[in-house]
Amino acid sequence: MPNAPVRNTQYPETNMPRTQKNDNFVDKSFTVMADIILKILPTNKKAKEAFVYYRDGMSAQAEGEYAEALEYYEEALTLEEDTNDRGYIFYNMGLIYASNGDHQKALELYHKAIELNPRLPQALNNIAVIYHYQGEKEKEAGDNEAGEALFDQAADYWIRAIRMAPNNYIEAQNWLKTTGRSQIDVFF
């Protein structure tokens, strides 16, 4: 009789961590490397558990399973004590809400992320993008004053992001220059 496929009966599909369910080579490779690093890092059990939930949240988010990702991130937040890591969790949660069109919740989460981890230029950029979008909507609705105020807020956040990561936000730099919202030396 030919070799029968071996089934993993130790972990039924429903009880298996999300990252062990992935058939994607890159996801499996990431999971293997993350597990190795997790085993050798001198961190406590709670921090390791938080990382597993965070990793599973990122995996679910990458697959568009946003509700599942948010559940994993919420669980990671209950365990994670490091403020920088908590900032990244809030940032990823903000991405989900922004992609679903809930800009107010996304802004709230991005602000929490920055409060905990001020070195997140991507959160500053995303706040600016939302303010810019809202400014465009206000101008389209005929409220130029509100639109300009939102554009000014966007400019403030883009300037902060660009100062941290000068080569990452070229379109924002161009917008700031063409609208007269920046000085030439602000990015150096």
# chains A, B, ... in the order shown; residues from 1 in each chain; ligands from 1
>>> residues_around(residues="A:Gln134", least_positions_apart="4", cutoff="8 Å", atoms="only C-alpha atoms", output="list in words")
Ile130, Glu138, Gly147 and Leu150 of chain A
>>> closest_atom_pairs(of="stretch 111-184 of chain A", to="stretch 87-105 of chain A", cutoff="6 Å", atoms="only C-alpha atoms", output="tab-separated table")
residue	atom	partner	partner_atom	distance
A:Ala113	CA	A:Gly87	CA	3.9
A:Leu116	CA	A:Gly87	CA	5.2
A:Asn117	CA	A:Gly87	CA	5.2
>>> residues_around(residues="A:Arg119", least_positions_apart="4", cutoff="10 Å", atoms="only C-alpha atoms", output="list in words")
Asn84, Gly87, Ala113, Ile114, Glu115, Ala123, Leu124, Ala161, Met164 and Ala165 of chain A
>>> atom_distance(atom1="atom CA of A:Glu145", atom2="atom CA of A:Ala128")
17.5 Å
>>> residues_around(residues="A:Val52", least_positions_apart="4", cutoff="8 Å", atoms="only C-alpha atoms", output="list in words")
Lys48, Asp56 and Ala76 of chain A
>>> atom_distance(atom1="atom CA of A:Arg163", atom2="atom CA of A:Tyr54")
28.4 Å
>>> select_by_dssp(residues="stretch 59-154 of chain A", states="helix (DSSP H, G or I)", output="NGL selection string")
:A and (59-62 or 66-79 or 83-99 or 103-116 or 121-140 or 144-154)
>>> write_last_selection(atoms="C-alpha atoms", output="PDB file, in the first residue's frame")
ATOM      1  CA  SER A  59      -1.924  37.165   9.591  1.00  0.00           C
ATOM      2  CA  ALA A  60      -5.709  37.604   9.760  1.00  0.00           C
ATOM      3  CA  GLN A  61      -5.392  41.243   8.716  1.00  0.00           C
ATOM      4  CA  ALA A  62      -3.256  40.302   5.706  1.00  0.00           C
ATOM      5  CA  TYR A  66     -10.569  42.115   9.921  1.00  0.00           C
ATOM      6  CA  ALA A  67     -12.970  41.063  12.666  1.00  0.00           C
ATOM      7  CA  GLU A  68     -10.719  38.128  13.511  1.00  0.00           C
ATOM      8  CA  ALA A  69      -7.641  40.366  13.413  1.00  0.00           C
ATOM      9  CA  LEU A  70      -9.253  42.829  15.820  1.00  0.00           C
ATOM     10  CA  GLU A  71     -10.010  40.002  18.248  1.00  0.00           C
ATOM     11  CA  TYR A  72      -6.367  38.911  18.198  1.00  0.00           C
ATOM     12  CA  TYR A  73      -5.172  42.500  18.647  1.00  0.00           C
ATOM     13  CA  GLU A  74      -7.548  43.036  21.574  1.00  0.00           C
ATOM     14  CA  GLU A  75      -6.182  39.914  23.226  1.00  0.00           C
ATOM     15  CA  ALA A  76      -2.611  41.049  22.575  1.00  0.00           C
ATOM     16  CA  LEU A  77      -3.418  44.378  24.245  1.00  0.00           C
ATOM     17  CA  THR A  78      -4.571  42.591  27.398  1.00  0.00           C
ATOM     18  CA  LEU A  79      -1.185  40.878  27.632  1.00  0.00           C
ATOM     19  CA  THR A  83       4.373  50.711  25.404  1.00  0.00           C
ATOM     20  CA  ASN A  84       6.112  50.683  21.998  1.00  0.00           C
ATOM     21  CA  ASP A  85       4.612  47.299  21.161  1.00  0.00           C
ATOM     22  CA  ARG A  86       1.186  48.456  22.337  1.00  0.00           C
ATOM     23  CA  GLY A  87       1.622  51.412  19.978  1.00  0.00           C
ATOM     24  CA  TYR A  88       2.106  49.045  17.033  1.00  0.00           C
ATOM     25  CA  ILE A  89      -1.003  47.092  18.015  1.00  0.00           C
ATOM     26  CA  PHE A  90      -3.093  50.273  18.100  1.00  0.00           C
ATOM     27  CA  TYR A  91      -1.570  51.324  14.766  1.00  0.00           C
ATOM     28  CA  ASN A  92      -2.597  48.050  13.108  1.00  0.00           C
ATOM     29  CA  MET A  93      -6.076  48.344  14.567  1.00  0.00           C
ATOM     30  CA  GLY A  94      -6.247  51.863  13.113  1.00  0.00           C
ATOM     31  CA  LEU A  95      -5.388  50.476   9.688  1.00  0.00           C
ATOM     32  CA  ILE A  96      -8.374  48.149   9.868  1.00  0.00           C
ATOM     33  CA  TYR A  97     -10.815  50.872  10.867  1.00  0.00           C
ATOM     34  CA  ALA A  98      -9.444  53.247   8.211  1.00  0.00           C
ATOM     35  CA  SER A  99      -9.788  50.603   5.508  1.00  0.00           C
ATOM     36  CA  HIS A 103     -12.041  57.404  10.064  1.00  0.00           C
ATOM     37  CA  GLN A 104     -12.952  58.691  13.518  1.00  0.00           C
ATOM     38  CA  LYS A 105     -12.094  55.360  15.167  1.00  0.00           C
ATOM     39  CA  ALA A 106      -8.942  55.107  13.050  1.00  0.00           C
ATOM     40  CA  LEU A 107      -7.854  58.591  14.171  1.00  0.00           C
ATOM     41  CA  GLU A 108      -8.483  57.657  17.805  1.00  0.00           C
ATOM     42  CA  LEU A 109      -6.337  54.527  17.457  1.00  0.00           C
ATOM     43  CA  TYR A 110      -3.538  56.288  15.545  1.00  0.00           C
ATOM     44  CA  HIS A 111      -3.406  58.950  18.275  1.00  0.00           C
ATOM     45  CA  LYS A 112      -3.164  56.226  20.937  1.00  0.00           C
ATOM     46  CA  ALA A 113      -0.373  54.613  18.932  1.00  0.00           C
ATOM     47  CA  ILE A 114       1.591  57.879  18.789  1.00  0.00           C
ATOM     48  CA  GLU A 115       0.975  58.575  22.458  1.00  0.00           C
ATOM     49  CA  LEU A 116       2.545  55.231  23.347  1.00  0.00           C
ATOM     50  CA  PRO A 121       5.857  58.196  11.278  1.00  0.00           C
ATOM     51  CA  GLN A 122       3.443  55.860   9.494  1.00  0.00           C
ATOM     52  CA  ALA A 123       0.739  56.686  12.064  1.00  0.00           C
ATOM     53  CA  LEU A 124       1.427  60.409  11.640  1.00  0.00           C
ATOM     54  CA  ASN A 125       1.180  59.973   7.865  1.00  0.00           C
ATOM     55  CA  ASN A 126      -2.115  58.094   8.136  1.00  0.00           C
ATOM     56  CA  ILE A 127      -3.588  60.801  10.360  1.00  0.00           C
ATOM     57  CA  ALA A 128      -2.538  63.371   7.757  1.00  0.00           C
ATOM     58  CA  VAL A 129      -4.101  61.316   4.965  1.00  0.00           C
ATOM     59  CA  ILE A 130      -7.424  61.181   6.825  1.00  0.00           C
ATOM     60  CA  TYR A 131      -7.384  64.926   7.563  1.00  0.00           C
ATOM     61  CA  HIS A 132      -6.531  65.648   3.921  1.00  0.00           C
ATOM     62  CA  TYR A 133      -9.380  63.399   2.750  1.00  0.00           C
ATOM     63  CA  GLN A 134     -11.793  65.097   5.153  1.00  0.00           C
ATOM     64  CA  GLY A 135     -10.558  68.490   3.932  1.00  0.00           C
ATOM     65  CA  GLU A 136     -11.305  67.542   0.343  1.00  0.00           C
ATOM     66  CA  LYS A 137     -14.812  66.427   1.339  1.00  0.00           C
ATOM     67  CA  GLU A 138     -15.464  69.721   3.155  1.00  0.00           C
ATOM     68  CA  LYS A 139     -14.316  71.729   0.134  1.00  0.00           C
ATOM     69  CA  GLU A 140     -16.477  69.617  -2.178  1.00  0.00           C
ATOM     70  CA  ASN A 144     -13.677  76.089   2.043  1.00  0.00           C
ATOM     71  CA  GLU A 145     -12.811  77.353   5.522  1.00  0.00           C
ATOM     72  CA  ALA A 146     -13.313  73.935   7.162  1.00  0.00           C
ATOM     73  CA  GLY A 147     -11.468  72.284   4.284  1.00  0.00           C
ATOM     74  CA  GLU A 148      -8.463  74.583   4.680  1.00  0.00           C
ATOM     75  CA  ALA A 149      -8.416  74.011   8.446  1.00  0.00           C
ATOM     76  CA  LEU A 150      -8.297  70.249   7.862  1.00  0.00           C
ATOM     77  CA  PHE A 151      -5.567  70.713   5.245  1.00  0.00           C
ATOM     78  CA  ASP A 152      -3.569  72.670   7.850  1.00  0.00           C
ATOM     79  CA  GLN A 153      -3.978  69.798  10.308  1.00  0.00           C
ATOM     80  CA  ALA A 154      -2.849  67.351   7.622  1.00  0.00           C
TER      81      ALA A 154
END
>>> atom_distance(atom1="atom CA of A:Lys46", atom2="atom CA of A:Glu80")
7.2 Å
>>> residues_around(residues="A:Arg181", least_positions_apart="4", cutoff="9 Å", atoms="only C-alpha atoms", output="VMD selection string")
chain A and resid 152 155 to 156 175 to 177
